[in-house]
Structure formats: C-alpha cells, structure tokens
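Chemist: Take a look at this one; I'll ask things after.
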Amino acid sequence: MIEYKTREQKRKFYDGGEWKALRELAKSRDNYECQECKRQGKVTIDMNEYSERAKRKKIALVVHHIKEIEHHPELALELDNLETVCVDCHNKEHGRLFDTKQNKWADDERW
C-alpha cells in the first residue's frame with residue numbers, strides 16, 4: 001500500500017494528474033462553494049482573483065480529505081472522502097490559526 005507520511009510522498013501525490021482530476025470533480029460536485037461555510041449559513045466561493053505578488057491565481061478554495069491520507073491512504077482518491085472548503089476553514093480544521101496584526105493605536109487614550 002502506498003504511504004503518505006513524508007512531505008515528499010505527499011507532494012508527489014498532490015502534484016499527480018489523478019489527484020488534480022479528482023480535485024476538480026470534487027469542486028464541481030460541491031458547486032465551487034465552501035461546504036463548511038455552507039453548513040454555517042454562509043457562502044464562500046472562488047473569486048478567481050489574481051495575485052500580482054505571487055504571479056498566480058489566488059487560492060480561495062481547496063479540496064480537503066475528510067480522513068487524512070497520512071492515516072487513511074486507501075481513501076486518498078475516494079470522492080466521498082473529499083469536500084471543498086475555503087482556505088480559512090481548511091486552516092482551522094488543521095489547527096493553523098494565524099494571529100491577525102492588531103492596531104497598535106487601539107488602546108491609545110487620545111482615540
């Protein structure tokens with residue numbers, strides 16, 4: 001059985017044509033909407049914006065493995081194990097919470 005434990009193994013999988021085709025199928029099935037936001041009554045879609053700094057399209061939606069490939073490699077290419085989510089929901093799901101820069105003047109008495 002194929003393993004997806006190392007960064008290199010995962011990168012090879014995510015760069016593969018089979019994954020890219022299945023990822024597009026999942027996005028289409030999910031109507032290009034974040035399914036987690038949808039469960040919360042919000043709508044988040046891919047805006048197709050371009051990032052000048054990165055010189056590529058901004059990524060607003062990703063396809064998430066419900067059961068992670070590291071622990072369930074047999075489900076890596078199962079459509080039922082995939083859902084479309086926005087980058088914010090995906091980061092929250094994986095515990096990647098980023099501190100937002102606070103206004104340094106927020107506690108200034110003069111304001």
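As shown in the structure tokens, the chain order sets the letters A, B, ...; within each chain, residues go from 1, and ligands are also counted from 1 in the order they appear.
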Would you kindly return, as a ChimeraX atom specification, each protein, DNA or RNA residue with an atom no farther than 7 Å from any atom of Cys86 of chain A, considering only C-alpha atoms and excluding same-chain residues fewer than 6 positions away?
Modeler: /A:34,44,60-62
Chemist: Would you please extract all helix (DSSP H, G or I) residues from segment 10-74 of chain A, as assigned by DSSP on the backbone, and give them as number ranges by chain?
Modeler: A: 10-14, 17-29, 35-39, 73-74
Chemist: For the residues in that selection, give me C-alpha atoms as a PDB file, in the first residue's frame.
Modeler:
```pdb
ATOM      1  CA  LYS A  10       2.526  13.906  -0.141  1.00  0.00           C
ATOM      2  CA  ARG A  11       3.929  16.385  -2.678  1.00  0.00           C
ATOM      3  CA  LYS A  12       4.223  13.639  -5.314  1.00  0.00           C
ATOM      4  CA  PHE A  13       0.584  12.676  -4.689  1.00  0.00           C
ATOM      5  CA  TYR A  14      -0.748  16.255  -4.826  1.00  0.00           C
ATOM      6  CA  GLY A  17      -2.731  14.104 -12.567  1.00  0.00           C
ATOM      7  CA  GLU A  18      -5.087  11.631 -10.899  1.00  0.00           C
ATOM      8  CA  TRP A  19      -5.410  13.869  -7.828  1.00  0.00           C
ATOM      9  CA  LYS A  20      -5.831  17.030  -9.903  1.00  0.00           C
ATOM     10  CA  ALA A  21      -8.667  15.475 -11.922  1.00  0.00           C
ATOM     11  CA  LEU A  22     -10.414  14.197  -8.785  1.00  0.00           C
ATOM     12  CA  ARG A  23      -9.949  17.555  -7.057  1.00  0.00           C
ATOM     13  CA  GLU A  24     -11.712  19.317  -9.936  1.00  0.00           C
ATOM     14  CA  LEU A  25     -14.511  16.747  -9.820  1.00  0.00           C
ATOM     15  CA  ALA A  26     -14.994  17.392  -6.076  1.00  0.00           C
ATOM     16  CA  LYS A  27     -15.120  21.170  -6.598  1.00  0.00           C
ATOM     17  CA  SER A  28     -17.669  20.756  -9.364  1.00  0.00           C
ATOM     18  CA  ARG A  29     -19.785  18.409  -7.233  1.00  0.00           C
ATOM     19  CA  GLN A  35     -19.023  23.238   2.400  1.00  0.00           C
ATOM     20  CA  GLU A  36     -18.096  24.218   5.973  1.00  0.00           C
ATOM     21  CA  CYS A  37     -19.213  27.830   5.451  1.00  0.00           C
ATOM     22  CA  LYS A  38     -22.383  26.482   3.854  1.00  0.00           C
ATOM     23  CA  ARG A  39     -23.120  24.424   6.997  1.00  0.00           C
ATOM     24  CA  PRO A  73      -4.013   6.184   2.418  1.00  0.00           C
ATOM     25  CA  GLU A  74      -6.630   3.841   0.978  1.00  0.00           C
TER      26      GLU A  74
END
```
Chemist: Quick one: pull the distance between atom CA of Asn81 of chain A and atom CA of His64 of chain A, Å, one decimal.
Modeler: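 Answer for the atom CA of Asn81 of chain A to atom CA of His64 of chain A separation: 8.2 Å.
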Chemist: List every residue of chain A that DSSP, applied to the backbone of this structure, assigns to strand (DSSP E or B), and report them as an MDAnalysis selection string.
Modeler: chainID A and resid 33 45 50:51 56:57 61:65 82:86
Chemist: Taking only C-alpha atoms into account, name the residue in A:Asp30, A:Asp15, A:Glu93, A:Glu3 that is nearest to Ile45 of chain A.
Modeler: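 Among A:Asp30, A:Asp15, A:Glu93, A:Glu3, it is A:Asp30 that comes nearest to Ile45 of chain A.
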